[in-house]
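**Student:** Handing you this structure, nothing more for now.
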Amino acid sequence: GRESGKYARVLLAALSGIPWIGSFLGAAGTLSAEIENEQLAELHRLWLLEHGEKLKRLSGTLASIVSRLESFGEELQDRIQSDEYLSLVRRAFRSWDQAETEEKREFIRRLLENAGGTKLCPDDLVRLFISWIDLYHESHFSVVRVLHQQPGATRARIWQEIHGGHVREDSAEADLFKLLMRDLSTGSVIRQHRDTTPYGEYMRKGRAASPTRASGTMKSAFDDQEEYELTELGRQFVHYTMSELVSQIAT
């Protein structure tokens, strides 16, 4: 529409990040001629039908982004039209196209909208967050949500919030849960809670007293002692991907 004409560069950047767009348009152009001759192959028709649904989904996402960008006002047009932002759009829509779930596509939509509406998040962080969306599974994001809502939750609490019930320590479910926690910890998304000084320096943990009698079992995958929290990067990720427009708009 006319109102989105000034966002042509944004729309073209998004489309250029999706490889099947060109082939779809070319096939759709051929479609009308072949229909007249009644020679359209069934496989060809089904391919067009599948990509037609993708195109509808893409159109809805782009319309949402343009609507949100329009609400920012003229003061942010330089940011939206910048090569830096357009590069983010191309990178993000490659991931959008490859995303297997609507949840991931919504993360990318919110990230682009927020990245266009604020200068508080450096572009390098936006790229990092896109790579996290590519890398992690919805199960990882379930852990992130729990720690966002309940900072300081233990492994036992996280498990109860997501799944409830109890499973054996040697079960596949326990192994998967340990893998999720390890992935997010090594990726600097979550960490064990640490006390800090007023200057943000981490304080050493006091050495726990040695038990008088050693336990005969290993530490549980569902430990209920050590508390976990999001890292600052993790909190920024939630802020920019799991929320609608961030509260602070650049001026």
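Scheme for the structure tokens: letters A, B, ... for chains in order shown; per-chain residue numbers from 1; ligand numbers from 1 in order shown.
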Using only C-alpha atoms, find each residue in range 88-157 of chain A having at least one atom no more than 12 Å away from range 234-238 of chain A; report its shortest atom-to-atom pair and that distance in Å (one decimal), rows by chain then rising number, as CSV.
**Tutor:**
residue,atom,partner,partner_atom,distance
A:Phe107,CA,A:Val238,CA,9.3
A:Ile108,CA,A:Phe237,CA,11.1
A:Arg110,CA,A:Val238,CA,10.5
A:Leu111,CA,A:Phe237,CA,8.8
A:Asn114,CA,A:Phe237,CA,11.3
A:Ala115,CA,A:Phe237,CA,11.7
A:Leu120,CA,A:Gln236,CA,10.3
A:Cys121,CA,A:Gln236,CA,8.3
A:Pro122,CA,A:Gln236,CA,10.9
A:Leu125,CA,A:Phe237,CA,8.7
A:Val126,CA,A:Phe237,CA,8.6
A:Arg127,CA,A:Phe237,CA,11.0
A:Leu128,CA,A:Phe237,CA,9.2
A:Phe129,CA,A:Phe237,CA,6.3
A:Ile130,CA,A:Phe237,CA,9.5
A:Ser131,CA,A:Phe237,CA,11.2
A:Trp132,CA,A:Phe237,CA,8.9
A:Ile133,CA,A:Phe237,CA,9.8
A:His140,CA,A:Gly234,CA,11.8
A:Phe141,CA,A:Val238,CA,9.4
A:Ser142,CA,A:Val238,CA,11.5
A:Val143,CA,A:Gly234,CA,11.2
A:Val144,CA,A:Gly234,CA,7.8
A:Arg145,CA,A:Val238,CA,8.0
A:Val146,CA,A:Val238,CA,11.2
A:Leu147,CA,A:Arg235,CA,9.5
A:His148,CA,A:Arg235,CA,7.3
A:Gln149,CA,A:Val238,CA,10.6
A:Pro151,CA,A:Arg235,CA,10.6
**Student:** Just write the chosen residues, N, CA, C and O atoms, as a short mmCIF file (atom, residue, chain, number, x, y, z; two decimals), in the first residue's frame.
**Tutor:**
data_model
loop_
_atom_site.label_atom_id
_atom_site.label_comp_id
_atom_site.auth_asym_id
_atom_site.auth_seq_id
_atom_site.Cartn_x
_atom_site.Cartn_y
_atom_site.Cartn_z
N PHE A 107 9.57 -14.45 17.66
CA PHE A 107 10.77 -13.88 18.28
C PHE A 107 11.47 -12.94 17.29
O PHE A 107 11.89 -11.84 17.64
N ILE A 108 11.62 -13.41 16.06
CA ILE A 108 12.32 -12.62 15.05
C ILE A 108 11.54 -11.36 14.72
O ILE A 108 12.13 -10.27 14.57
N ARG A 110 9.49 -9.64 16.65
CA ARG A 110 9.63 -8.67 17.75
C ARG A 110 11.03 -8.08 17.78
O ARG A 110 11.21 -6.89 18.04
N LEU A 111 12.04 -8.92 17.53
CA LEU A 111 13.41 -8.44 17.56
C LEU A 111 13.64 -7.36 16.51
O LEU A 111 14.26 -6.32 16.79
N ASN A 114 11.77 -4.13 17.55
CA ASN A 114 12.45 -3.45 18.65
C ASN A 114 13.79 -2.89 18.22
O ASN A 114 14.20 -1.82 18.68
N ALA A 115 14.50 -3.62 17.34
CA ALA A 115 15.78 -3.13 16.86
C ALA A 115 15.61 -1.88 16.00
O ALA A 115 16.50 -1.03 15.93
N LEU A 120 19.18 1.27 21.89
CA LEU A 120 19.74 0.83 23.16
C LEU A 120 20.42 -0.53 23.05
O LEU A 120 21.23 -0.89 23.88
N CYS A 121 20.05 -1.30 22.02
CA CYS A 121 20.63 -2.63 21.84
C CYS A 121 21.57 -2.59 20.64
O CYS A 121 21.13 -2.37 19.51
N PRO A 122 22.89 -2.77 20.83
CA PRO A 122 23.82 -2.74 19.71
C PRO A 122 23.48 -3.80 18.66
O PRO A 122 22.95 -4.87 18.98
N LEU A 125 24.57 -7.34 19.22
CA LEU A 125 23.73 -8.14 20.11
C LEU A 125 22.51 -8.67 19.36
O LEU A 125 22.07 -9.80 19.61
N VAL A 126 21.95 -7.87 18.47
CA VAL A 126 20.81 -8.34 17.68
C VAL A 126 21.22 -9.57 16.88
O VAL A 126 20.49 -10.55 16.80
N ARG A 127 22.41 -9.52 16.26
CA ARG A 127 22.89 -10.69 15.51
C ARG A 127 23.09 -11.90 16.43
O ARG A 127 22.79 -13.04 16.04
N LEU A 128 23.60 -11.65 17.62
CA LEU A 128 23.76 -12.75 18.57
C LEU A 128 22.41 -13.36 18.91
O LEU A 128 22.27 -14.59 18.95
N PHE A 129 21.41 -12.52 19.14
CA PHE A 129 20.08 -13.03 19.50
C PHE A 129 19.46 -13.82 18.34
O PHE A 129 18.77 -14.81 18.57
N ILE A 130 19.71 -13.39 17.11
CA ILE A 130 19.23 -14.16 15.96
C ILE A 130 19.88 -15.53 15.95
O ILE A 130 19.22 -16.56 15.70
N SER A 131 21.18 -15.59 16.23
CA SER A 131 21.88 -16.88 16.24
C SER A 131 21.35 -17.76 17.37
O SER A 131 21.28 -18.98 17.21
N TRP A 132 20.96 -17.17 18.51
CA TRP A 132 20.35 -17.95 19.58
C TRP A 132 19.02 -18.55 19.13
O TRP A 132 18.71 -19.70 19.45
N ILE A 133 18.23 -17.76 18.42
CA ILE A 133 16.95 -18.27 17.92
C ILE A 133 17.19 -19.45 16.99
O ILE A 133 16.45 -20.44 17.00
N HIS A 140 14.57 -25.09 25.32
CA HIS A 140 15.50 -24.15 25.94
C HIS A 140 14.76 -22.87 26.36
O HIS A 140 14.97 -22.34 27.46
N PHE A 141 13.90 -22.38 25.46
CA PHE A 141 13.20 -21.13 25.75
C PHE A 141 12.20 -21.29 26.90
O PHE A 141 11.89 -20.31 27.59
N SER A 142 11.73 -22.51 27.13
CA SER A 142 10.86 -22.75 28.29
C SER A 142 11.62 -22.52 29.59
O SER A 142 11.10 -21.94 30.54
N VAL A 143 12.90 -22.96 29.63
CA VAL A 143 13.74 -22.72 30.80
C VAL A 143 13.97 -21.23 30.98
O VAL A 143 13.88 -20.69 32.10
N VAL A 144 14.24 -20.54 29.87
CA VAL A 144 14.48 -19.09 29.93
C VAL A 144 13.26 -18.38 30.49
O VAL A 144 13.38 -17.46 31.32
N ARG A 145 12.07 -18.76 30.07
CA ARG A 145 10.85 -18.11 30.54
C ARG A 145 10.67 -18.29 32.05
O ARG A 145 10.28 -17.36 32.75
N VAL A 146 10.93 -19.50 32.53
CA VAL A 146 10.78 -19.75 33.97
C VAL A 146 11.72 -18.84 34.76
O VAL A 146 11.31 -18.22 35.75
N LEU A 147 12.97 -18.74 34.33
CA LEU A 147 13.93 -17.92 35.07
C LEU A 147 13.65 -16.43 34.91
O LEU A 147 13.99 -15.64 35.79
N HIS A 148 13.01 -16.04 33.83
CA HIS A 148 12.58 -14.65 33.68
C HIS A 148 11.47 -14.33 34.68
O HIS A 148 11.46 -13.27 35.30
N GLN A 149 10.56 -15.26 34.84
CA GLN A 149 9.43 -15.06 35.74
C GLN A 149 9.78 -15.33 37.19
O GLN A 149 9.21 -14.71 38.10
N PRO A 151 13.25 -15.46 38.99
CA PRO A 151 14.71 -15.43 39.18
C PRO A 151 15.09 -16.14 40.48
O PRO A 151 14.44 -15.99 41.51
#
**Student:** Out of range 134-208 of chain A, which residues get alpha helix (DSSP H) from DSSP, as number ranges by chain?
**Tutor:** A: 134-135, 138-149, 155-162, 172-186
**Student:** Could you work out how far CA of Glu75 in chain A lies from CA of Glu106 in chain A, giving the answer in Å with one decimal?
**Tutor:**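 These two atoms are separated by 25.7 Å.
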**Student:** Determine the nearest neighbour of Leu184 in chain A from the options A:Gln160, A:Ser64, A:Ser139, A:Ser95, counting only C-alpha atoms.
**Tutor:**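 Smallest distance to Leu184 in chain A is found for A:Ser139.
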**Student:** Can you list, as a PyMOL selection string, every protein, DNA or RNA residue that comes within 8 Å of range 65-67 of chain A when you count only C-alpha atoms, leaving out same-chain residues fewer than 6 positions away?
**Tutor:** chain A and resi 4+7+109+112-113
**Student:** How many Å lie between CA of Met181 in chain A and CA of Ala221 in chain A, rounded to one decimal?
**Tutor:**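 Taking CA of Met181 in chain A as the start and CA of Ala221 in chain A as the end point, the length is 9.5 Å.
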**Student:** Could you name the residues that touch Ala174 in chain A at 10 Å or less, counting only C-alpha atoms, but leaving out those on the same chain fewer than 4 positions away, as a ChimeraX atom specification?
**Tutor:** /A:159,166-170,178-180,220-222
**Student:** I need the chosen residues saved as an mmCIF file, in the first residue's frame, with all heavy atoms.
**Tutor:**
data_model
loop_
_atom_site.group_PDB
_atom_site.id
_atom_site.type_symbol
_atom_site.label_atom_id
_atom_site.label_comp_id
_atom_site.auth_asym_id
_atom_site.auth_seq_id
_atom_site.Cartn_x
_atom_site.Cartn_y
_atom_site.Cartn_z
ATOM 1 N N TRP A 159 12.055 -27.578 36.656
ATOM 2 C CA TRP A 159 11.437 -28.804 36.143
ATOM 3 C C TRP A 159 9.950 -28.848 36.483
ATOM 4 O O TRP A 159 9.115 -29.185 35.634
ATOM 5 C CB TRP A 159 12.146 -30.031 36.701
ATOM 6 C CG TRP A 159 11.459 -31.316 36.323
ATOM 7 C CD1 TRP A 159 10.559 -32.025 37.063
ATOM 8 C CD2 TRP A 159 11.599 -32.027 35.087
ATOM 9 N NE1 TRP A 159 10.135 -33.128 36.376
ATOM 10 C CE2 TRP A 159 10.751 -33.152 35.157
ATOM 11 C CE3 TRP A 159 12.362 -31.815 33.939
ATOM 12 C CZ2 TRP A 159 10.643 -34.067 34.114
ATOM 13 C CZ3 TRP A 159 12.252 -32.730 32.895
ATOM 14 C CH2 TRP A 159 11.396 -33.841 33.000
ATOM 15 N N HIS A 166 7.590 -36.351 38.737
ATOM 16 C CA HIS A 166 8.950 -36.801 39.015
ATOM 17 C C HIS A 166 9.354 -37.865 38.005
ATOM 18 O O HIS A 166 8.521 -38.650 37.542
ATOM 19 C CB HIS A 166 9.043 -37.384 40.437
ATOM 20 C CG HIS A 166 8.715 -36.382 41.507
ATOM 21 N ND1 HIS A 166 9.622 -35.463 41.972
ATOM 22 C CD2 HIS A 166 7.557 -36.154 42.180
ATOM 23 C CE1 HIS A 166 9.057 -34.713 42.902
ATOM 24 N NE2 HIS A 166 7.807 -35.103 43.047
ATOM 25 N N VAL A 167 10.638 -37.865 37.653
ATOM 26 C CA VAL A 167 11.178 -38.895 36.767
ATOM 27 C C VAL A 167 12.452 -39.432 37.399
ATOM 28 O O VAL A 167 13.047 -38.799 38.274
ATOM 29 C CB VAL A 167 11.477 -38.342 35.358
ATOM 30 C CG1 VAL A 167 10.212 -37.898 34.661
ATOM 31 C CG2 VAL A 167 12.483 -37.197 35.422
ATOM 32 N N ARG A 168 12.900 -40.585 36.936
ATOM 33 C CA ARG A 168 14.117 -41.195 37.458
ATOM 34 C C ARG A 168 15.337 -40.392 37.028
ATOM 35 O O ARG A 168 15.357 -39.750 35.970
ATOM 36 C CB ARG A 168 14.245 -42.631 36.929
ATOM 37 C CG ARG A 168 13.235 -43.608 37.508
ATOM 38 C CD ARG A 168 13.324 -44.936 36.745
ATOM 39 N NE ARG A 168 14.667 -45.501 36.782
ATOM 40 C CZ ARG A 168 15.063 -46.454 37.630
ATOM 41 N NH1 ARG A 168 14.198 -46.948 38.518
ATOM 42 N NH2 ARG A 168 16.299 -46.922 37.589
ATOM 43 N N GLU A 169 16.370 -40.448 37.856
ATOM 44 C CA GLU A 169 17.609 -39.754 37.546
ATOM 45 C C GLU A 169 18.295 -40.339 36.308
ATOM 46 O O GLU A 169 19.026 -39.634 35.611
ATOM 47 C CB GLU A 169 18.575 -39.828 38.734
ATOM 48 C CG GLU A 169 18.148 -39.016 39.938
ATOM 49 C CD GLU A 169 18.370 -37.514 39.741
ATOM 50 O OE1 GLU A 169 19.133 -37.138 38.836
ATOM 51 O OE2 GLU A 169 17.773 -36.737 40.492
ATOM 52 N N ASP A 170 18.064 -41.616 36.029
ATOM 53 C CA ASP A 170 18.708 -42.253 34.877
ATOM 54 C C ASP A 170 17.784 -42.301 33.667
ATOM 55 O O ASP A 170 18.003 -43.061 32.727
ATOM 56 C CB ASP A 170 19.185 -43.667 35.228
ATOM 57 C CG ASP A 170 18.036 -44.566 35.696
ATOM 58 O OD1 ASP A 170 16.895 -44.056 35.860
ATOM 59 O OD2 ASP A 170 18.284 -45.768 35.914
ATOM 60 N N LYS A 178 19.254 -32.024 31.811
ATOM 61 C CA LYS A 178 20.651 -31.639 32.078
ATOM 62 C C LYS A 178 21.292 -31.012 30.844
ATOM 63 O O LYS A 178 22.068 -30.053 30.955
ATOM 64 C CB LYS A 178 21.451 -32.875 32.543
ATOM 65 C CG LYS A 178 21.103 -33.335 33.957
ATOM 66 C CD LYS A 178 22.013 -34.449 34.424
ATOM 67 C CE LYS A 178 21.734 -35.750 33.710
ATOM 68 N NZ LYS A 178 22.516 -36.884 34.299
ATOM 69 N N LEU A 179 20.962 -31.548 29.664
ATOM 70 C CA LEU A 179 21.504 -30.998 28.428
ATOM 71 C C LEU A 179 21.015 -29.570 28.205
ATOM 72 O O LEU A 179 21.796 -28.684 27.821
ATOM 73 C CB LEU A 179 21.094 -31.876 27.247
ATOM 74 C CG LEU A 179 21.513 -31.389 25.859
ATOM 75 C CD1 LEU A 179 23.028 -31.343 25.738
ATOM 76 C CD2 LEU A 179 20.906 -32.281 24.768
ATOM 77 N N LEU A 180 19.735 -29.312 28.446
ATOM 78 C CA LEU A 180 19.189 -27.961 28.279
ATOM 79 C C LEU A 180 19.890 -26.972 29.198
ATOM 80 O O LEU A 180 20.286 -25.873 28.769
ATOM 81 C CB LEU A 180 17.688 -27.955 28.577
ATOM 82 C CG LEU A 180 16.784 -28.803 27.683
ATOM 83 C CD1 LEU A 180 15.338 -28.730 28.168
ATOM 84 C CD2 LEU A 180 16.879 -28.353 26.230
ATOM 85 N N SER A 220 21.822 -34.546 42.093
ATOM 86 C CA SER A 220 20.626 -34.763 41.297
ATOM 87 C C SER A 220 20.541 -33.784 40.129
ATOM 88 O O SER A 220 20.965 -32.626 40.222
ATOM 89 C CB SER A 220 19.381 -34.601 42.177
ATOM 90 O OG SER A 220 18.200 -34.599 41.390
ATOM 91 N N ALA A 221 19.969 -34.260 39.023
ATOM 92 C CA ALA A 221 19.675 -33.369 37.899
ATOM 93 C C ALA A 221 18.633 -32.337 38.283
ATOM 94 O O ALA A 221 18.512 -31.286 37.648
ATOM 95 C CB ALA A 221 19.179 -34.184 36.705
ATOM 96 N N PHE A 222 17.878 -32.648 39.352
ATOM 97 C CA PHE A 222 16.800 -31.767 39.815
ATOM 98 C C PHE A 222 17.131 -31.195 41.188
ATOM 99 O O PHE A 222 16.287 -31.125 42.085
ATOM 100 C CB PHE A 222 15.475 -32.539 39.837
ATOM 101 C CG PHE A 222 15.229 -33.321 38.569
ATOM 102 C CD1 PHE A 222 15.396 -34.695 38.534
ATOM 103 C CD2 PHE A 222 14.862 -32.671 37.399
ATOM 104 C CE1 PHE A 222 15.179 -35.408 37.364
ATOM 105 C CE2 PHE A 222 14.641 -33.373 36.233
ATOM 106 C CZ PHE A 222 14.806 -34.747 36.208
#
**Student:** To one decimal place, how far is CA of Tyr240 in chain A from CA of Glu102 in chain A in Å?
**Tutor:** 16.8 Å
**Student:** Could you check which of A:Val89, A:Ile18, A:Glu103, A:Gly116 is closest to Leu76 in chain A, using only C-alpha atoms?
**Tutor:**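 Using only C-alpha atoms, the shortest distance to Leu76 in chain A belongs to A:Gly116.
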**Student:** Using only C-alpha atoms, which residues sit within 12 Å of Pro19 in chain A once same-chain residues fewer than 6 positions away are excluded, as a ChimeraX atom specification?
**Tutor:** /A:13,25,51,90,93-98
